[in-house]
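*Asks:* Structure file target.cif, mmCIF, C-alpha atoms and all ligand atoms, is pasted below:
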data_my_file
#
loop_
_atom_site.label_atom_id
_atom_site.label_comp_id
_atom_site.auth_asym_id
_atom_site.auth_seq_id
_atom_site.Cartn_x
_atom_site.Cartn_y
_atom_site.Cartn_z
CA MET A 160 106.28 81.23 103.51
CA SER A 161 108.39 84.23 102.60
CA LEU A 162 107.89 87.75 103.81
CA LEU A 163 105.28 89.61 101.72
CA LEU A 164 105.67 93.16 100.41
CA GLY A 165 102.90 95.74 100.39
CA VAL A 166 103.90 98.80 98.36
CA ASN A 167 102.50 102.12 99.53
CA VAL A 168 101.94 104.31 96.46
CA ASP A 169 100.70 107.44 98.29
CA HIS A 170 104.01 109.14 97.59
CA VAL A 171 103.28 109.08 93.87
CA ALA A 172 100.04 110.94 94.48
CA THR A 173 101.92 113.39 96.72
CA LEU A 174 104.11 114.37 93.79
CA ARG A 175 101.15 114.75 91.46
CA GLN A 176 99.24 116.88 93.97
CA ALA A 177 102.24 119.17 94.45
CA ARG A 178 101.66 120.46 90.92
CA TYR A 179 98.10 119.48 89.96
CA ALA A 180 95.95 119.58 93.10
CA LEU A 181 93.85 122.35 91.57
CA MET A 182 93.68 120.70 88.14
CA PRO A 183 92.72 117.10 88.93
CA ASP A 184 91.27 116.47 85.49
CA SER A 185 94.18 117.86 83.53
CA PRO A 186 95.67 115.32 81.11
CA ASN A 187 99.02 116.62 82.38
CA ALA A 188 98.34 115.44 85.93
CA GLU A 189 101.26 113.08 86.52
CA PRO A 190 102.66 110.83 87.92
CA CYS A 191 99.76 108.40 88.01
CA PRO A 192 99.15 106.25 91.11
CA VAL A 193 97.39 103.60 89.02
CA GLU A 194 100.48 103.19 86.85
CA ALA A 195 102.55 103.00 90.04
CA ALA A 196 100.34 100.20 91.37
CA LEU A 197 100.69 98.30 88.09
CA ALA A 198 104.48 98.78 88.01
CA SER A 199 104.63 97.54 91.61
CA GLN A 200 102.66 94.48 90.61
CA ARG A 201 105.07 93.78 87.75
CA GLY A 202 107.98 94.18 90.17
CA GLY A 203 106.57 91.46 92.44
CA ALA A 204 104.60 93.34 95.11
CA ASP A 205 102.09 91.24 97.02
CA SER A 206 99.65 94.05 97.78
CA ILE A 207 99.12 97.76 97.22
CA THR A 208 98.60 100.20 100.09
CA VAL A 209 96.82 103.53 99.80
CA HIS A 210 95.90 106.02 102.49
CA VAL A 211 93.00 108.37 101.86
CA ARG A 212 93.48 111.16 104.36
CA ALA A 213 90.74 113.47 105.60
CA ASP A 214 92.53 116.39 103.92
CA ARG A 215 93.07 114.42 100.65
CA ARG A 216 96.65 115.62 100.54
CA HIS A 217 97.74 112.72 98.32
CA MET A 218 95.34 109.95 97.35
CA GLN A 219 91.94 111.02 96.08
CA GLU A 220 88.87 108.79 96.19
CA ALA A 221 88.92 108.44 92.40
CA ASP A 222 92.50 107.11 92.59
CA VAL A 223 91.69 104.27 94.92
CA PHE A 224 88.68 103.12 92.93
CA LYS A 225 90.79 103.16 89.76
CA ILE A 226 93.58 101.18 91.45
CA LYS A 227 91.08 98.60 92.68
CA GLU A 228 89.69 98.28 89.15
CA ALA A 229 93.02 98.12 87.30
CA CYS A 230 95.24 96.13 89.63
CA SER A 231 94.51 92.56 90.65
CA LEU A 232 96.64 92.63 93.82
CA PRO A 233 94.95 92.79 97.22
CA LEU A 234 94.30 96.41 98.16
CA ASN A 235 95.06 97.68 101.65
CA LEU A 236 93.23 100.91 102.54
CA GLU A 237 94.75 102.87 105.42
CA MET A 238 92.26 105.16 107.07
CA GLY A 239 91.40 107.08 110.21
CA ASN A 240 88.46 105.88 112.28
CA THR A 241 85.79 108.28 111.01
CA ASP A 242 82.29 107.80 109.58
CA GLU A 243 83.42 109.32 106.31
CA MET A 244 86.23 106.80 105.90
CA LEU A 245 84.11 103.87 107.02
CA SER A 246 81.60 104.67 104.34
CA LEU A 247 84.38 104.97 101.74
CA ALA A 248 85.80 101.59 102.81
CA LEU A 249 82.42 99.90 102.57
CA LYS A 250 81.96 101.31 99.05
CA LEU A 251 85.50 100.45 97.92
CA SER A 252 85.57 97.04 99.54
CA PRO A 253 89.36 96.61 99.72
CA THR A 254 90.85 93.28 100.86
CA PHE A 255 92.25 94.91 104.00
CA VAL A 256 91.71 98.06 106.00
CA CYS A 257 94.48 99.26 108.27
CA LEU A 258 93.17 101.69 110.89
CA VAL A 259 95.68 104.45 111.61
CA PRO A 260 95.67 107.57 113.77
CA GLU A 261 95.48 110.76 111.78
CA THR A 262 96.13 114.37 112.62
CA ARG A 263 96.13 117.20 110.13
CA GLU A 264 99.46 118.59 111.26
CA GLU A 265 101.55 115.47 110.76
CA VAL A 266 103.68 115.00 107.63
CA THR A 267 103.05 111.27 107.75
CA THR A 268 101.47 108.90 110.29
CA GLU A 269 103.50 109.63 113.39
CA GLY A 270 102.49 107.37 116.23
CA GLY A 271 100.54 104.15 116.43
CA LEU A 272 96.82 103.95 117.00
CA ASP A 273 95.97 103.86 120.71
CA ALA A 274 93.83 100.73 120.74
CA VAL A 275 93.52 100.86 124.54
CA ALA A 276 92.25 104.44 124.83
CA ASN A 277 90.07 104.19 121.70
CA PHE A 278 88.74 100.72 122.43
CA GLU A 279 85.03 101.62 122.40
CA ALA A 280 85.30 103.82 119.31
CA LEU A 281 87.18 101.18 117.34
CA LYS A 282 84.85 98.27 118.15
CA PRO A 283 81.91 99.17 115.87
CA THR A 284 84.19 100.17 112.98
CA ILE A 285 86.05 96.86 113.11
CA ALA A 286 82.79 94.94 113.30
CA ALA A 287 81.26 96.85 110.36
CA LEU A 288 84.33 96.26 108.18
CA GLN A 289 84.58 92.59 109.04
CA SER A 290 80.91 91.96 108.50
CA SER A 291 81.35 93.13 104.94
CA GLY A 292 84.26 90.73 104.44
CA ILE A 293 87.16 93.18 104.92
CA LYS A 294 90.09 92.02 107.04
CA VAL A 295 91.14 94.58 109.63
CA SER A 296 94.61 95.56 110.74
CA LEU A 297 95.52 98.02 113.48
CA PHE A 298 98.65 100.13 113.10
CA ILE A 299 100.02 100.13 116.64
CA ASP A 300 103.19 100.96 118.49
CA PRO A 301 105.20 97.89 119.51
CA ASP A 302 103.69 97.67 122.97
CA ILE A 303 102.21 94.55 124.60
CA ALA A 304 99.11 96.36 125.91
CA GLN A 305 98.38 97.55 122.36
CA VAL A 306 98.83 94.07 120.93
CA GLU A 307 96.50 92.58 123.53
CA ALA A 308 93.87 95.30 123.03
CA SER A 309 94.01 94.62 119.27
CA LYS A 310 93.26 90.98 119.93
CA GLU A 311 90.39 91.83 122.29
CA LEU A 312 88.98 94.11 119.62
CA GLY A 313 88.89 91.16 117.24
CA ALA A 314 91.38 92.58 114.72
CA ASP A 315 92.72 90.09 112.20
CA MET A 316 96.14 91.68 111.98
CA ILE A 317 98.42 94.19 113.59
CA GLU A 318 100.94 96.38 111.80
CA LEU A 319 103.79 97.21 114.15
CA HIS A 320 104.98 100.80 113.80
CA THR A 321 108.68 100.67 112.92
CA GLY A 322 109.12 104.46 112.85
CA CYS A 323 111.11 104.69 116.12
CA PHE A 324 113.35 101.84 114.99
CA ALA A 325 113.89 103.53 111.60
CA ASN A 326 114.60 106.92 113.19
CA ALA A 327 117.17 105.51 115.60
CA VAL A 328 120.09 106.80 113.57
CA GLY A 329 122.76 109.45 114.19
CA ASP A 330 122.42 110.83 117.72
CA SER A 331 119.58 108.38 118.45
CA ALA A 332 121.38 105.24 117.24
CA HIS A 333 121.66 103.99 120.83
CA LEU A 334 117.86 103.51 120.84
CA LYS A 335 117.90 100.97 118.05
CA ALA A 336 118.53 97.87 120.15
CA SER A 337 115.72 98.69 122.58
CA GLU A 338 113.32 99.43 119.69
CA LEU A 339 114.18 96.09 118.11
CA LYS A 340 113.52 94.40 121.45
CA ARG A 341 110.10 96.06 121.68
CA LEU A 342 109.29 94.97 118.13
CA GLU A 343 110.45 91.44 118.86
CA LYS A 344 108.37 91.11 122.05
CA SER A 345 105.28 92.55 120.39
CA ALA A 346 105.65 90.28 117.37
CA ARG A 347 105.96 87.24 119.65
CA ARG A 348 102.86 88.25 121.62
CA GLY A 349 100.89 88.89 118.42
CA PHE A 350 101.87 85.50 117.06
CA GLU A 351 100.88 83.78 120.35
CA LEU A 352 97.50 85.50 120.11
CA ASN A 353 97.07 84.27 116.55
CA LEU A 354 97.20 87.73 115.00
CA GLN A 355 98.87 88.22 111.63
CA VAL A 356 101.88 90.42 112.36
CA ASN A 357 102.89 93.02 109.77
CA ALA A 358 105.24 95.96 110.11
CA GLY A 359 105.76 99.29 108.43
CA HIS A 360 106.97 102.87 108.44
CA GLY A 361 110.42 104.08 107.58
CA ILE A 362 111.69 100.69 106.43
CA ASN A 363 114.36 101.13 103.76
CA PHE A 364 117.08 99.29 101.87
CA GLU A 365 119.56 100.08 104.67
CA ASN A 366 117.64 99.09 107.78
CA LEU A 367 115.72 96.14 106.36
CA THR A 368 118.15 93.43 107.38
CA GLU A 369 118.27 94.63 111.00
CA LEU A 370 114.52 94.16 111.10
CA PHE A 371 115.04 90.50 110.27
CA GLN A 372 115.75 90.00 114.00
CA VAL A 373 112.01 90.46 114.57
CA PRO A 374 110.27 87.08 114.29
CA HIS A 375 106.83 86.14 112.95
CA LEU A 376 106.55 88.96 110.41
CA LYS A 377 104.18 88.23 107.56
CA GLU A 378 104.12 91.45 105.51
CA LEU A 379 106.08 94.70 105.36
CA ASN A 380 104.42 97.88 104.09
CA ILE A 381 106.99 100.09 102.45
CA GLY A 382 106.50 103.30 100.51
CA HIS A 383 108.97 106.14 100.75
CA SER A 384 112.17 104.20 100.25
CA ILE A 385 110.89 102.22 97.26
CA ILE A 386 109.54 105.35 95.56
CA ALA A 387 112.78 107.23 96.30
CA LYS A 388 114.88 104.43 94.78
CA SER A 389 112.59 104.42 91.74
CA MET A 390 113.93 107.88 90.81
CA SER A 391 117.14 106.21 89.70
CA VAL A 392 116.12 102.68 88.70
CA GLY A 393 112.41 102.92 87.86
CA LEU A 394 109.58 101.67 90.05
CA GLU A 395 109.33 98.13 88.75
CA SER A 396 113.05 97.55 89.41
CA SER A 397 112.93 99.28 92.77
CA VAL A 398 110.12 96.98 93.91
CA ARG A 399 111.98 93.97 92.53
CA MET A 400 115.10 94.98 94.48
CA MET A 401 113.10 95.19 97.70
CA VAL A 402 111.44 91.83 97.05
CA GLU A 403 114.91 90.33 96.49
CA ALA A 404 116.28 91.91 99.68
CA MET A 405 113.33 90.58 101.67
CA ARG A 406 114.08 87.01 100.56
CA ASP A 407 116.78 86.82 103.27
CA TYR A 408 114.20 86.98 106.08
CA PRO A 409 114.76 83.76 108.06
CA GLU A 410 112.32 81.11 106.83
CA ASN A 411 111.39 79.81 110.30
CA SER A 412 110.90 83.24 111.89
N1 LIG B 501 102.36 101.73 107.20
C1 LIG B 501 101.58 102.76 107.58
C2 LIG B 501 100.43 102.48 108.47
C3 LIG B 501 101.83 104.08 107.13
O1 LIG B 501 101.05 105.09 107.53
C4 LIG B 501 102.91 104.28 106.26
C5 LIG B 501 103.20 105.66 105.76
O2 LIG B 501 102.24 106.08 104.86
C6 LIG B 501 103.68 103.17 105.86
C7 LIG B 501 103.40 101.91 106.37
C8 LIG B 501 104.81 103.31 104.90
O3 LIG B 501 105.81 104.09 105.44
P1 LIG B 501 107.02 104.58 104.54
O4 LIG B 501 106.46 105.43 103.46
O5 LIG B 501 107.87 105.29 105.49
O6 LIG B 501 107.66 103.33 103.96
#
Now that the file is in, can you turn its structure into structure tokens?
Ligand code: PXP

*Replies:*
Amino acid sequence: MSLLLGVNVDHVATLRQARYALMPDSPNAEPCPVEAALASQRGGADSITVHVRADRRHMQEADVFKIKEACSLPLNLEMGNTDEMLSLALKLSPTFVCLVPETREEVTTEGGLDAVANFEALKPTIAALQSSGIKVSLFIDPDIAQVEASKELGADMIELHTGCFANAVGDSAHLKASELKRLEKSARRGFELNLQVNAGHGINFENLTELFQVPHLKELNIGHSIIAKSMSVGLESSVRMMVEAMRDYPENS
């Protein structure tokens, strides 16, 4: 089974909001996240990821309902663990929910969810999502205690945060090997525990092949790099290029 690609289209909504946040119904409000989801599907994406943040800085509720309606790919809703988001998820009924930490100040999701410290708060949310047929992923740092807590919480999947690996460039390049080791150990533990192991954050056309050292990966969630590349080649081609690049992931990983 080859490595699957989830395309995060939040960045398309970010661009639209930069100009049209105060005119959501304007016919000029572009680019359109629904069109981005459809272009990703044509390019070979396996799922579409959207994150509705508490501050609605990019995706709006209307966007995610329209994507669900228009696009036949599995939808992965990233959300913070709040009552508001739980009720949105239950209404939207995406295929997957990925629970992420969220603070207003961050530019993008910065650290992993602390499944150990937030164990009791996460339990009822995971149970409510699963009892309505939604598979649950936890976006965690590559740390064995976090992987084990995710299993104890009954999560179906983990998404290993690859941000530190991706940021280990320039003056921090010496950290890359140890980050890859942490990702590898966490992926192995997740696999042993029968969790689906995904990864995401900061993965790009340059660092992708180094990540192939990490075994047992099932799906990568990639946004920024694919959308950035689409500026020169178009989104459908950009997604296709990433799908092609991901084909080199070792088959028996
Ligand atoms: N996975 C999660 C949980 C995220 O929060 C993000 C960022 O929105 C991504 C993957 C994608 O990261 P990037 O846009 O850096 O590819």

*Asks:* Please, which residues have at least one atom within 7 Å of an atom of ligand LIG 501 (chain B), using all atoms listed in the file, listed as a PyMOL selection string?

*Replies:* chain A and resi 167+169+210+237+257+259+267-268+298+318+359-362+380-384

*Asks:* Mind writing the picked residues with C-alpha atoms as an mmCIF file, in the coordinates of the input?

*Replies:*
data_model
loop_
_atom_site.group_PDB
_atom_site.id
_atom_site.type_symbol
_atom_site.label_atom_id
_atom_site.label_comp_id
_atom_site.auth_asym_id
_atom_site.auth_seq_id
_atom_site.Cartn_x
_atom_site.Cartn_y
_atom_site.Cartn_z
ATOM 1 C CA ASN A 167 102.500 102.120 99.530
ATOM 2 C CA ASP A 169 100.700 107.440 98.290
ATOM 3 C CA HIS A 210 95.900 106.020 102.490
ATOM 4 C CA GLU A 237 94.750 102.870 105.420
ATOM 5 C CA CYS A 257 94.480 99.260 108.270
ATOM 6 C CA VAL A 259 95.680 104.450 111.610
ATOM 7 C CA THR A 267 103.050 111.270 107.750
ATOM 8 C CA THR A 268 101.470 108.900 110.290
ATOM 9 C CA PHE A 298 98.650 100.130 113.100
ATOM 10 C CA GLU A 318 100.940 96.380 111.800
ATOM 11 C CA GLY A 359 105.760 99.290 108.430
ATOM 12 C CA HIS A 360 106.970 102.870 108.440
ATOM 13 C CA GLY A 361 110.420 104.080 107.580
ATOM 14 C CA ILE A 362 111.690 100.690 106.430
ATOM 15 C CA ASN A 380 104.420 97.880 104.090
ATOM 16 C CA ILE A 381 106.990 100.090 102.450
ATOM 17 C CA GLY A 382 106.500 103.300 100.510
ATOM 18 C CA HIS A 383 108.970 106.140 100.750
ATOM 19 C CA SER A 384 112.170 104.200 100.250
#

*Asks:* How many Å separate CA of Ala332 in chain A from CA of Thr368 in chain A?

*Replies:*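 Pair CA of Ala332 in chain A / CA of Thr368 in chain A returns 15.7 Å.
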
*Asks:* Return the single residue from A:Met400, A:Glu378, A:Leu342, A:Ser337 that is closest to Asn363 in chain A, with distances computed using all atoms listed in the file.

*Replies:*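 Looking at the shortest contact to Asn363 in chain A, the residue is A:Met400.
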
*Asks:* Counting all atoms listed in the file, which residues come within 8 Å of (106.5, 93.8, 94.5), with the point read in the file's coordinates, and could you list them as an NGL selection string?

*Replies:* :A and (164-166 or 199-206 or 395 or 398-399 or 401-402)

*Asks:* List as a ChimeraX atom specification the protein and nucleic acid residues near Lys282 in chain A, meaning an atom at most 10 Å away when all atoms listed in the file are counted, but skip any in the same chain fewer than 4 places from it.

*Replies:* /A:274,277-278,286-287,309,311-314

*Asks:* How far is it from CA of Leu272 in chain A to CA of Ala195 in chain A, in Å with one decimal?

*Replies:*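 According to the coordinates, CA of Leu272 in chain A and CA of Ala195 in chain A are separated by 27.6 Å.
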
*Asks:* Restricting the calculation to all atoms listed in the file: of A:His375, A:His170, A:His333, A:Lys250, which residue gets closest to Cys191 in chain A?

*Replies:*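 Distance minimum relative to Cys191 in chain A lands on A:His170.
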
*Asks:* Using all atoms listed in the file, determine which residues lie at most 12 Å from Leu247 in chain A, disregarding the query and same-chain residues fewer than 5 positions distant; provide the list as a list in words.

*Replies:*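 Selected residues are His210, Val211, Arg212, Ala213, Gln219, Glu220, Ala221, Val223, Phe224, Leu236, Glu237, Met238, Gly239, Asn240, Thr241, Asp242, Ser252, Pro253, Val256 and Leu288 of chain A.
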
*Asks:* Name all residues at most 10 Å from Glu194 in chain A (count all atoms listed in the file; drop same-chain ones fewer than 6 positions away) and give them as a list in words.

*Replies:*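 Those residues are Val168, Val171, Gln200, Ile226, Ala229, Cys230 and Leu394 of chain A.
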
*Asks:* Which residue gives the smallest distance to Phe371 in chain A among A:Pro409, A:Gly271, A:Gly393, A:Gly349, with all atoms listed in the file counted?

*Replies:* A:Pro409

*Asks:* Looking at A:Gln305, A:Pro283, A:Glu403, A:Glu369, which one is nearest to Ala327 in chain A, with distances taken over all atoms listed in the file?

*Replies:* A:Glu369

*Asks:* Near Pro183 in chain A, within 12 Å and counting only C-alpha atoms, which residues show up once chain neighbours fewer than 2 positions away are dropped, as a list in words?

*Replies:*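 The filter keeps Ala172, Arg175, Gln176, Ala177, Arg178, Tyr179, Ala180, Leu181, Ser185, Pro186, Asn187, Ala188, Glu189, Pro190, Cys191, His217, Met218, Gln219, Glu220, Ala221 and Asp222 of chain A.
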
*Asks:* Of the candidates A:Ser291, A:Thr284, A:Thr254, A:Ser345, which one gets nearest to Ala304 in chain A if we count only C-alpha atoms?

*Replies:*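 Under the stated criterion, the closest residue is A:Ser345.
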
*Asks:* Of the residues A:Ser290, A:Ser396, A:Asn326, A:Gln372, which is the one nearest to Tyr408 in chain A, using only C-alpha atoms?

*Replies:*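 Distance minimum relative to Tyr408 in chain A lands on A:Gln372.
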
*Asks:* Starting from the structure just given, write a file holding range 392-407 of chain A with N, CA, C and O atoms, as a PDB file, in the first residue's frame.

*Replies:*
ATOM      1  N   VAL A 392       2.884  26.187 -10.961  1.00  0.00           N
ATOM      2  CA  VAL A 392       2.477  25.088 -11.866  1.00  0.00           C
ATOM      3  C   VAL A 392       0.974  24.815 -11.848  1.00  0.00           C
ATOM      4  O   VAL A 392       0.496  23.994 -12.624  1.00  0.00           O
ATOM      5  N   GLY A 393       0.237  25.484 -10.976  1.00  0.00           N
ATOM      6  CA  GLY A 393      -1.192  25.186 -10.829  1.00  0.00           C
ATOM      7  C   GLY A 393      -1.372  24.102  -9.773  1.00  0.00           C
ATOM      8  O   GLY A 393      -0.479  23.283  -9.539  1.00  0.00           O
ATOM      9  N   LEU A 394      -2.528  24.112  -9.130  1.00  0.00           N
ATOM     10  CA  LEU A 394      -2.714  23.219  -7.977  1.00  0.00           C
ATOM     11  C   LEU A 394      -2.789  21.743  -8.369  1.00  0.00           C
ATOM     12  O   LEU A 394      -2.206  20.883  -7.709  1.00  0.00           O
ATOM     13  N   GLU A 395      -3.514  21.474  -9.440  1.00  0.00           N
ATOM     14  CA  GLU A 395      -3.646  20.067  -9.837  1.00  0.00           C
ATOM     15  C   GLU A 395      -2.250  19.464 -10.108  1.00  0.00           C
ATOM     16  O   GLU A 395      -1.939  18.369  -9.635  1.00  0.00           O
ATOM     17  N   SER A 396      -1.417  20.199 -10.814  1.00  0.00           N
ATOM     18  CA  SER A 396      -0.064  19.688 -11.116  1.00  0.00           C
ATOM     19  C   SER A 396       0.790  19.599  -9.871  1.00  0.00           C
ATOM     20  O   SER A 396       1.579  18.661  -9.705  1.00  0.00           O
ATOM     21  N   SER A 397       0.642  20.573  -8.989  1.00  0.00           N
ATOM     22  CA  SER A 397       1.434  20.565  -7.769  1.00  0.00           C
ATOM     23  C   SER A 397       1.108  19.326  -6.926  1.00  0.00           C
ATOM     24  O   SER A 397       2.007  18.652  -6.398  1.00  0.00           O
ATOM     25  N   VAL A 398      -0.178  19.028  -6.828  1.00  0.00           N
ATOM     26  CA  VAL A 398      -0.590  17.828  -6.072  1.00  0.00           C
ATOM     27  C   VAL A 398      -0.042  16.583  -6.768  1.00  0.00           C
ATOM     28  O   VAL A 398       0.522  15.685  -6.122  1.00  0.00           O
ATOM     29  N   ARG A 399      -0.151  16.574  -8.101  1.00  0.00           N
ATOM     30  CA  ARG A 399       0.330  15.396  -8.844  1.00  0.00           C
ATOM     31  C   ARG A 399       1.833  15.197  -8.623  1.00  0.00           C
ATOM     32  O   ARG A 399       2.314  14.078  -8.454  1.00  0.00           O
ATOM     33  N   MET A 400       2.576  16.304  -8.584  1.00  0.00           N
ATOM     34  CA  MET A 400       4.026  16.199  -8.359  1.00  0.00           C
ATOM     35  C   MET A 400       4.325  15.613  -6.984  1.00  0.00           C
ATOM     36  O   MET A 400       5.253  14.814  -6.812  1.00  0.00           O
ATOM     37  N   MET A 401       3.526  16.018  -5.985  1.00  0.00           N
ATOM     38  CA  MET A 401       3.756  15.480  -4.637  1.00  0.00           C
ATOM     39  C   MET A 401       3.392  13.995  -4.585  1.00  0.00           C
ATOM     40  O   MET A 401       4.105  13.174  -3.984  1.00  0.00           O
ATOM     41  N   VAL A 402       2.283  13.642  -5.236  1.00  0.00           N
ATOM     42  CA  VAL A 402       1.885  12.225  -5.271  1.00  0.00           C
ATOM     43  C   VAL A 402       3.016  11.396  -5.904  1.00  0.00           C
ATOM     44  O   VAL A 402       3.391  10.340  -5.386  1.00  0.00           O
ATOM     45  N   GLU A 403       3.548  11.902  -7.009  1.00  0.00           N
ATOM     46  CA  GLU A 403       4.651  11.208  -7.703  1.00  0.00           C
ATOM     47  C   GLU A 403       5.857  11.043  -6.766  1.00  0.00           C
ATOM     48  O   GLU A 403       6.442   9.990  -6.652  1.00  0.00           O
ATOM     49  N   ALA A 404       6.220  12.147  -6.100  1.00  0.00           N
ATOM     50  CA  ALA A 404       7.388  12.120  -5.209  1.00  0.00           C
ATOM     51  C   ALA A 404       7.173  11.128  -4.065  1.00  0.00           C
ATOM     52  O   ALA A 404       8.117  10.469  -3.612  1.00  0.00           O
ATOM     53  N   MET A 405       5.950  11.006  -3.617  1.00  0.00           N
ATOM     54  CA  MET A 405       5.664  10.107  -2.489  1.00  0.00           C
ATOM     55  C   MET A 405       5.701   8.641  -2.885  1.00  0.00           C
ATOM     56  O   MET A 405       5.758   7.758  -2.036  1.00  0.00           O
ATOM     57  N   ARG A 406       5.671   8.376  -4.200  1.00  0.00           N
ATOM     58  CA  ARG A 406       5.710   6.973  -4.661  1.00  0.00           C
ATOM     59  C   ARG A 406       6.993   6.278  -4.260  1.00  0.00           C
ATOM     60  O   ARG A 406       7.073   5.059  -4.223  1.00  0.00           O
ATOM     61  N   ASP A 407       8.055   7.026  -3.968  1.00  0.00           N
ATOM     62  CA  ASP A 407       9.344   6.400  -3.628  1.00  0.00           C
ATOM     63  C   ASP A 407       9.424   5.961  -2.163  1.00  0.00           C
ATOM     64  O   ASP A 407      10.465   5.477  -1.726  1.00  0.00           O
TER      65      ASP A 407
END
